[in-house]
file query-v4.json (JSON, C-alpha atoms and all ligand atoms)
[["chain", "number", "residue", "atom", "x", "y", "z"],
["A", 30, "MET", "CA", -24.58, 61.70, 12.36],
["A", 31, "SER", "CA", -25.40, 59.62, 9.21],
["A", 32, "THR", "CA", -26.84, 56.11, 9.21],
["A", 33, "SER", "CA", -24.26, 53.35, 9.54],
["A", 34, "TYR", "CA", -24.26, 50.62, 6.83],
["A", 35, "ARG", "CA", -22.47, 47.32, 6.72],
["A", 36, "GLY", "CA", -21.22, 45.78, 3.44],
["A", 37, "LEU", "CA", -22.46, 42.40, 2.23],
["A", 38, "ASN", "CA", -21.24, 40.17, -0.56],
["A", 39, "PRO", "CA", -23.19, 40.56, -3.87],
["A", 40, "THR", "CA", -24.17, 36.87, -3.56],
["A", 41, "GLU", "CA", -26.25, 37.73, -0.45],
["A", 42, "TYR", "CA", -29.31, 38.13, -2.65],
["A", 43, "TYR", "CA", -31.58, 37.12, 0.23],
["A", 44, "THR", "CA", -31.24, 40.76, 1.32],
["A", 45, "LEU", "CA", -33.99, 41.34, -1.31],
["A", 46, "HIS", "CA", -36.32, 38.90, 0.48],
["A", 47, "PRO", "CA", -38.96, 38.39, 1.92],
["A", 48, "ARG", "CA", -40.68, 37.82, -1.41],
["A", 49, "PRO", "CA", -43.91, 36.02, -2.28],
["A", 50, "VAL", "CA", -43.37, 32.38, -3.07],
["A", 51, "TYR", "CA", -45.35, 30.37, -5.63],
["A", 52, "LEU", "CA", -45.76, 26.88, -7.05],
["A", 53, "ILE", "CA", -45.22, 26.44, -10.79],
["A", 54, "VAL", "CA", -47.09, 23.54, -12.43],
["A", 55, "VAL", "CA", -46.05, 22.12, -15.82],
["A", 56, "VAL", "CA", -47.21, 19.08, -17.79],
["A", 57, "LYS", "CA", -44.66, 16.31, -18.27],
["A", 58, "PRO", "CA", -44.34, 14.52, -21.65],
["A", 59, "ASP", "CA", -46.15, 11.47, -20.12],
["A", 60, "GLY", "CA", -49.15, 13.70, -19.24],
["A", 61, "GLY", "CA", -48.39, 13.83, -15.48],
["A", 62, "PHE", "CA", -47.76, 17.12, -13.65],
["A", 63, "ASN", "CA", -44.60, 18.54, -12.08],
["A", 64, "VAL", "CA", -44.52, 21.18, -9.35],
["A", 65, "MET", "CA", -41.65, 23.46, -8.31],
["A", 66, "THR", "CA", -41.36, 26.28, -5.80],
["A", 67, "ILE", "CA", -40.27, 29.71, -7.01],
["A", 68, "ALA", "CA", -39.59, 33.03, -5.31],
["A", 69, "TRP", "CA", -37.92, 34.83, -8.22],
["A", 70, "LEU", "CA", -41.09, 35.77, -10.07],
["A", 71, "THR", "CA", -42.38, 39.29, -10.70],
["A", 72, "PRO", "CA", -44.90, 41.21, -12.81],
["A", 73, "VAL", "CA", -43.06, 43.12, -15.58],
["A", 74, "SER", "CA", -45.82, 44.62, -17.77],
["A", 75, "SER", "CA", -49.52, 45.39, -17.42],
["A", 76, "ASP", "CA", -50.17, 46.04, -21.14],
["A", 77, "PRO", "CA", -49.80, 43.33, -22.30],
["A", 78, "PRO", "CA", -49.92, 41.54, -18.92],
["A", 79, "LYS", "CA", -46.59, 39.75, -18.47],
["A", 80, "ILE", "CA", -44.52, 38.21, -15.71],
["A", 81, "ALA", "CA", -40.85, 37.20, -15.55],
["A", 82, "LEU", "CA", -39.51, 34.19, -13.71],
["A", 83, "SER", "CA", -35.96, 33.03, -13.18],
["A", 84, "ILE", "CA", -35.53, 29.26, -13.23],
["A", 85, "SER", "CA", -32.47, 27.09, -12.71],
["A", 86, "LYS", "CA", -31.23, 25.24, -15.79],
["A", 87, "ASP", "CA", -30.82, 22.11, -13.60],
["A", 88, "SER", "CA", -34.53, 21.80, -12.86],
["A", 89, "LEU", "CA", -37.09, 19.58, -14.57],
["A", 90, "THR", "CA", -39.37, 22.63, -14.80],
["A", 91, "HIS", "CA", -36.73, 24.41, -16.91],
["A", 92, "LYS", "CA", -36.52, 21.46, -19.31],
["A", 93, "ILE", "CA", -40.31, 21.21, -19.72],
["A", 94, "LEU", "CA", -40.86, 24.96, -20.02],
["A", 95, "SER", "CA", -38.18, 25.21, -22.72],
["A", 96, "GLU", "CA", -40.08, 22.55, -24.67],
["A", 97, "ASN", "CA", -43.79, 23.38, -24.23],
["A", 98, "GLY", "CA", -43.89, 26.88, -22.67],
["A", 99, "GLU", "CA", -47.12, 26.52, -20.67],
["A", 100, "PHE", "CA", -47.51, 26.67, -16.90],
["A", 101, "THR", "CA", -49.60, 27.86, -13.99],
["A", 102, "VAL", "CA", -48.41, 30.07, -11.13],
["A", 103, "ASN", "CA", -50.13, 29.09, -7.89],
["A", 104, "ILE", "CA", -50.42, 31.65, -5.08],
["A", 105, "LEU", "CA", -49.73, 30.33, -1.58],
["A", 106, "GLY", "CA", -50.74, 31.16, 1.97],
["A", 107, "GLU", "CA", -49.42, 30.48, 5.44],
["A", 108, "GLU", "CA", -51.05, 27.03, 5.47],
["A", 109, "HIS", "CA", -49.00, 25.98, 2.41],
["A", 110, "VAL", "CA", -45.57, 26.51, 3.98],
["A", 111, "ASP", "CA", -44.65, 22.82, 4.17],
["A", 112, "ILE", "CA", -45.63, 22.04, 0.58],
["A", 113, "ALA", "CA", -43.72, 25.14, -0.57],
["A", 114, "TYR", "CA", -40.59, 23.87, 1.13],
["A", 115, "ARG", "CA", -41.05, 20.26, -0.03],
["A", 116, "ALA", "CA", -41.74, 21.09, -3.68],
["A", 117, "GLY", "CA", -38.60, 23.25, -3.64],
["A", 118, "SER", "CA", -36.31, 20.73, -1.95],
["A", 119, "ILE", "CA", -36.48, 17.78, -4.32],
["A", 120, "SER", "CA", -36.51, 17.58, -8.12],
["A", 121, "GLY", "CA", -39.17, 16.05, -10.31],
["A", 122, "PHE", "CA", -36.24, 14.29, -12.04],
["A", 123, "LYS", "CA", -36.11, 12.10, -8.88],
["A", 124, "VAL", "CA", -39.70, 11.75, -7.66],
["A", 125, "ASP", "CA", -43.26, 12.36, -8.78],
["A", 126, "LYS", "CA", -43.88, 15.35, -6.47],
["A", 127, "TRP", "CA", -47.46, 15.80, -7.64],
["A", 128, "SER", "CA", -48.46, 12.32, -6.34],
["A", 129, "MET", "CA", -46.07, 12.36, -3.37],
["A", 130, "ILE", "CA", -47.55, 15.59, -1.96],
["A", 131, "GLY", "CA", -51.07, 14.61, -3.07],
["A", 132, "PHE", "CA", -52.07, 17.70, -5.08],
["A", 133, "LYS", "CA", -55.47, 17.87, -6.75],
["A", 134, "PRO", "CA", -55.82, 19.68, -10.11],
["A", 135, "VAL", "CA", -58.18, 22.52, -10.98],
["A", 136, "GLU", "CA", -58.81, 22.75, -14.72],
["A", 137, "SER", "CA", -57.36, 25.73, -16.61],
["A", 138, "LYS", "CA", -59.30, 27.58, -19.33],
["A", 139, "PHE", "CA", -56.60, 28.03, -21.97],
["A", 140, "ILE", "CA", -53.75, 25.61, -21.24],
["A", 141, "THR", "CA", -53.26, 21.97, -20.26],
["A", 142, "ALA", "CA", -51.34, 22.69, -17.04],
["A", 143, "PRO", "CA", -53.82, 22.83, -14.14],
["A", 144, "GLY", "CA", -54.01, 24.99, -11.04],
["A", 145, "ILE", "CA", -53.61, 23.41, -7.60],
["A", 146, "ASP", "CA", -56.78, 22.94, -5.57],
["A", 147, "GLY", "CA", -56.78, 24.90, -2.29],
["A", 148, "CYS", "CA", -54.18, 27.49, -3.33],
["A", 149, "TYR", "CA", -55.25, 31.13, -3.04],
["A", 150, "GLY", "CA", -55.40, 31.49, -6.81],
["A", 151, "PHE", "CA", -53.58, 30.70, -10.02],
["A", 152, "LEU", "CA", -52.45, 32.32, -13.25],
["A", 153, "GLU", "CA", -52.44, 30.57, -16.62],
["A", 154, "CYS", "CA", -49.30, 31.60, -18.50],
["A", 155, "LYS", "CA", -47.45, 31.02, -21.76],
["A", 156, "ILE", "CA", -43.76, 31.82, -22.41],
["A", 157, "SER", "CA", -43.06, 34.57, -24.96],
["A", 158, "ASN", "CA", -39.27, 35.13, -24.54],
["A", 159, "MET", "CA", -36.29, 33.51, -22.85],
["A", 160, "ILE", "CA", -33.12, 35.27, -21.68],
["A", 161, "ASP", "CA", -29.98, 33.42, -20.57],
["A", 162, "VAL", "CA", -28.84, 34.88, -17.23],
["A", 163, "GLY", "CA", -26.18, 32.33, -16.21],
["A", 164, "GLU", "CA", -27.24, 29.48, -13.94],
["A", 165, "CYS", "CA", -30.86, 30.41, -14.64],
["A", 166, "THR", "CA", -32.99, 31.33, -17.63],
["A", 167, "LEU", "CA", -35.28, 34.33, -17.28],
["A", 168, "PHE", "CA", -38.58, 33.32, -18.84],
["A", 169, "ILE", "CA", -40.96, 36.12, -19.84],
["A", 170, "ALA", "CA", -44.56, 34.97, -20.09],
["A", 171, "ASP", "CA", -48.00, 36.28, -21.04],
["A", 172, "ILE", "CA", -50.74, 35.99, -18.43],
["A", 173, "LEU", "CA", -53.71, 34.38, -20.20],
["A", 174, "SER", "CA", -56.09, 34.14, -17.26],
["A", 175, "ILE", "CA", -56.21, 34.71, -13.50],
["A", 176, "HIS", "CA", -58.33, 32.78, -10.98],
["A", 177, "VAL", "CA", -58.66, 33.78, -7.32],
["A", 178, "ARG", "CA", -60.46, 32.15, -4.42],
["A", 179, "SER", "CA", -63.74, 33.96, -3.97],
["A", 180, "ASP", "CA", -63.56, 33.71, -0.16],
["A", 181, "LEU", "CA", -60.26, 35.65, -0.11],
["A", 182, "VAL", "CA", -60.88, 38.69, -2.34],
["A", 183, "GLU", "CA", -62.87, 41.84, -1.75],
["A", 184, "LYS", "CA", -63.39, 44.64, -4.28],
["A", 185, "GLY", "CA", -60.89, 43.09, -6.70],
["A", 186, "PHE", "CA", -58.01, 42.71, -4.22],
["A", 187, "TRP", "CA", -56.98, 40.30, -1.47],
["A", 188, "ASN", "CA", -58.74, 40.64, 1.85],
["A", 189, "LEU", "CA", -55.44, 40.76, 3.74],
["A", 190, "ARG", "CA", -57.10, 39.79, 7.02],
["A", 191, "LYS", "CA", -58.05, 36.45, 5.47],
["A", 192, "ALA", "CA", -55.43, 35.90, 2.74],
["A", 193, "ARG", "CA", -52.17, 35.40, 4.63],
["A", 194, "ILE", "CA", -49.91, 35.39, 1.60],
["A", 195, "LEU", "CA", -46.72, 33.39, 2.09],
["A", 196, "LEU", "CA", -43.35, 35.14, 1.72],
["A", 197, "HIS", "CA", -39.95, 33.45, 1.64],
["A", 198, "CYS", "CA", -37.06, 34.78, 3.75],
["A", 199, "ARG", "CA", -34.25, 32.23, 3.36],
["A", 200, "SER", "CA", -33.76, 28.46, 3.72],
["A", 201, "ARG", "CA", -36.66, 27.14, 5.88],
["A", 202, "ILE", "CA", -37.70, 30.59, 7.06],
["A", 203, "PHE", "CA", -40.93, 32.09, 5.75],
["A", 204, "THR", "CA", -43.15, 34.94, 6.92],
["A", 205, "ILE", "CA", -46.54, 36.54, 6.24],
["A", 206, "PRO", "CA", -47.52, 40.23, 6.00],
["A", 207, "GLY", "CA", -48.08, 41.58, 9.52],
["A", 208, "ARG", "CA", -50.31, 44.63, 9.23],
["A", 209, "ILE", "CA", -51.86, 47.00, 6.76],
["A", 210, "ILE", "CA", -50.39, 50.51, 6.55],
["A", 211, "TYR", "CA", -51.58, 53.44, 4.47],
["A", 212, "ALA", "CA", -49.38, 56.09, 2.83],
["A", 213, "THR", "CA", -50.53, 59.45, 4.15],
["A", 214, "THR", "CA", -48.91, 61.66, 1.48],
["A", 215, "ARG", "CA", -51.39, 63.07, -1.05],
["A", 216, "ARG", "CA", -50.47, 63.26, -4.76],
["A", 301, "LIG", "C1", -38.73, 28.77, -0.96],
["A", 301, "LIG", "C2", -38.03, 28.33, -2.22],
["A", 301, "LIG", "C3", -37.87, 29.22, -3.28],
["A", 301, "LIG", "C4", -37.25, 28.82, -4.47],
["A", 301, "LIG", "N1", -37.13, 29.71, -5.50],
["A", 301, "LIG", "C5", -36.55, 29.31, -6.66],
["A", 301, "LIG", "C6", -36.47, 30.21, -7.77],
["A", 301, "LIG", "O1", -36.92, 31.34, -7.72],
["A", 301, "LIG", "N2", -35.87, 29.75, -8.91],
["A", 301, "LIG", "C7", -35.36, 28.47, -9.02],
["A", 301, "LIG", "O2", -34.83, 28.11, -10.07],
["A", 301, "LIG", "N3", -35.42, 27.62, -7.96],
["A", 301, "LIG", "C8", -36.03, 27.98, -6.81],
["A", 301, "LIG", "N4", -36.11, 27.12, -5.77],
["A", 301, "LIG", "C9", -35.53, 25.76, -5.92],
["A", 301, "LIG", "C10", -36.43, 24.83, -6.77],
["A", 301, "LIG", "O3", -37.77, 24.85, -6.32],
["A", 301, "LIG", "C11", -35.85, 23.41, -6.68],
["A", 301, "LIG", "O4", -34.60, 23.38, -7.33],
["A", 301, "LIG", "C12", -36.78, 22.32, -7.24],
["A", 301, "LIG", "O5", -36.33, 21.10, -6.76],
["A", 301, "LIG", "C13", -36.83, 22.27, -8.76],
["A", 301, "LIG", "O6", -37.82, 21.34, -9.08],
["A", 301, "LIG", "P1", -37.92, 20.53, -10.45],
["A", 301, "LIG", "O7", -36.57, 19.95, -10.78],
["A", 301, "LIG", "O8", -38.94, 19.46, -10.15],
["A", 301, "LIG", "O9", -38.39, 21.48, -11.50],
["A", 301, "LIG", "C14", -36.75, 27.49, -4.59],
["A", 301, "LIG", "C15", -36.88, 26.60, -3.50],
["A", 301, "LIG", "C16", -37.52, 27.02, -2.34],
["A", 301, "LIG", "C17", -37.67, 26.04, -1.20]]
call {"tool": "encode", "arguments": {"input": "query-v4.json", "output": "structure tokens", "more": "lines below"}}
Ligand SMILES: Cc1cc2nc3c(=O)[nH]c(=O)nc-3n(C[C@H](O)[C@H](O)[C@H](O)COP(=O)(O)O)c2cc1C
result
Amino acid sequence: MSTSYRGLNPTEYYTLHPRPVYLIVVVKPDGGFNVMTIAWLTPVSSDPPKIALSISKDSLTHKILSENGEFTVNILGEEHVDIAYRAGSISGFKVDKWSMIGFKPVESKFITAPGIDGCYGFLECKISNMIDVGECTLFIADILSIHVRSDLVEKGFWNLRKARILLHCRSRIFTIPGRIIYATTRR
């Protein structure tokens, strides 16, 4: 007997979650910082190192990125779940989220946008291309620099027993990776 499948509407994109969730930081024209939560972000090239991120045209982050193109991607853990939800539930058009949540900046090497103190790490990025995909724009960006918390990495990768990387399921539901498994097939 074959496996039984049930059909879902193509708008049920949460079927592709859980996915890692990040905070994007941009610099506002007045020099202050804006933060937004994003789950639709993925590596797309290692040479040159590039990521792609899909951002709603209604957001303040979209407006700023279209103008100055620089941002940081901040990697989150279990302990950041509430700030992830808050920064993704209200727009910087309405409030100063940076001050409201009480973030502290960590200086970047190559861009003005800072990292967020206490996050697991951050990437300094600069937009290279933009693609209109409907309600969102897909921004393609070069990774200029990567910073990771020294207490959370081991031999160049996350120590997954310590770094409980936050994943988004849907609405207020998040999860973290549960256990490490190894593929047993040899090449
Ligand atoms: C867990 C989570 C994931 C989100 N992922 C995205 C995303 O991938 N793309 C997007 O445009 N908005 C996403 N959002 C919504 C934005 O974070 C939200 O619209 C935010 O208020 C925009 O902020 P801004 O206007 O200050 O830039 C997400 C929200 C949450 C809570």
call {"tool": "atom_distance", "arguments": {"input": "query-v4.json", "atom1": "CA of Val182 (chain A)", "atom2": "CA of Gly98 (chain A)"}}
result
29.0 Å
call {"tool": "residues_near_ligand", "arguments": {"input": "query-v4.json", "ligand": "ligand LIG 301 (chain A)", "cutoff": "6 Å", "atoms": "all atoms listed in the file", "output": "PyMOL selection string"}}
result
chain A and resi 64-69+83-85+88-90+114+117-122+197
call {"tool": "residues_near_point", "arguments": {"input": "query-v4.json", "point": "(-55.3, 20.0, -5.6)", "cutoff": "12 Å", "atoms": "all atoms listed in the file", "output": "tab-separated table (two decimals) with C-alpha atoms, in the coordinates of the input"}}
result
chain	number	residue	atom	x	y	z
A	52	LEU	CA	-45.76	26.88	-7.05
A	54	VAL	CA	-47.09	23.54	-12.43
A	62	PHE	CA	-47.76	17.12	-13.65
A	64	VAL	CA	-44.52	21.18	-9.35
A	103	ASN	CA	-50.13	29.09	-7.89
A	109	HIS	CA	-49.00	25.98	2.41
A	112	ILE	CA	-45.63	22.04	0.58
A	127	TRP	CA	-47.46	15.80	-7.64
A	128	SER	CA	-48.46	12.32	-6.34
A	130	ILE	CA	-47.55	15.59	-1.96
A	131	GLY	CA	-51.07	14.61	-3.07
A	132	PHE	CA	-52.07	17.70	-5.08
A	133	LYS	CA	-55.47	17.87	-6.75
A	134	PRO	CA	-55.82	19.68	-10.11
A	135	VAL	CA	-58.18	22.52	-10.98
A	136	GLU	CA	-58.81	22.75	-14.72
A	143	PRO	CA	-53.82	22.83	-14.14
A	144	GLY	CA	-54.01	24.99	-11.04
A	145	ILE	CA	-53.61	23.41	-7.60
A	146	ASP	CA	-56.78	22.94	-5.57
A	147	GLY	CA	-56.78	24.90	-2.29
A	148	CYS	CA	-54.18	27.49	-3.33
A	149	TYR	CA	-55.25	31.13	-3.04
A	150	GLY	CA	-55.40	31.49	-6.81
A	151	PHE	CA	-53.58	30.70	-10.02
call {"tool": "atom_distance", "arguments": {"input": "query-v4.json", "atom1": "CA of Arg178 (chain A)", "atom2": "CA of Ile194 (chain A)"}}
result
12.6 Å
call {"tool": "closest_residue", "arguments": {"input": "query-v4.json", "among": "A:His46, A:Lys155, A:Arg115, A:Arg35", "to": "Pro78 (chain A)", "atoms": "all atoms listed in the file"}}
result
A:Lys155
call {"tool": "closest_residue", "arguments": {"input": "query-v4.json", "among": "A:Ala192, A:Ile205, A:Ala81, A:Cys165", "to": "Ser179 (chain A)", "atoms": "only C-alpha atoms"}}
result
A:Ala192
call {"tool": "axis_aligned_box", "arguments": {"input": "query-v4.json", "around": "region 178-196 of chain A", "padding_each_side": "6 Å", "output": "lines of an AutoDock Vina configuration file"}}
result
center_x = -53.5
center_y = 38.4
center_z = 0.2
size_x = 32.4
size_y = 24.5
size_z = 25.7
call {"tool": "atom_distance", "arguments": {"input": "query-v4.json", "atom1": "CA of Asp76 (chain A)", "atom2": "CA of Glu153 (chain A)"}}
result
16.3 Å
call {"tool": "closest_residue", "arguments": {"input": "query-v4.json", "among": "A:Leu195, A:Asn97, A:Arg190, A:Ala170", "to": "Ile80 (chain A)", "atoms": "only C-alpha atoms"}}
result
A:Ala170
call {"tool": "closest_residue", "arguments": {"input": "query-v4.json", "among": "A:Ile53, A:Lys86, A:Val102, A:Ile169", "to": "Ser74 (chain A)", "atoms": "only C-alpha atoms"}}
result
A:Ile169
call {"tool": "closest_residue", "arguments": {"input": "query-v4.json", "among": "A:Val50, A:Asn38, A:Ala116, A:Glu107", "to": "Asn63 (chain A)", "atoms": "all atoms listed in the file"}}
result
A:Ala116
call {"tool": "closest_residue", "arguments": {"input": "query-v4.json", "among": "A:Ile104, A:His91, A:Glu164, A:Leu189", "to": "Ile210 (chain A)", "atoms": "only C-alpha atoms"}}
result
A:Leu189
call {"tool": "residues_around", "arguments": {"input": "query-v4.json", "residues": "Ile93 (chain A)", "least_positions_apart": "6", "cutoff": "8 Å", "atoms": "all atoms listed in the file", "output": "list in words"}}
result
Val55, Val56 and Lys57 of chain A
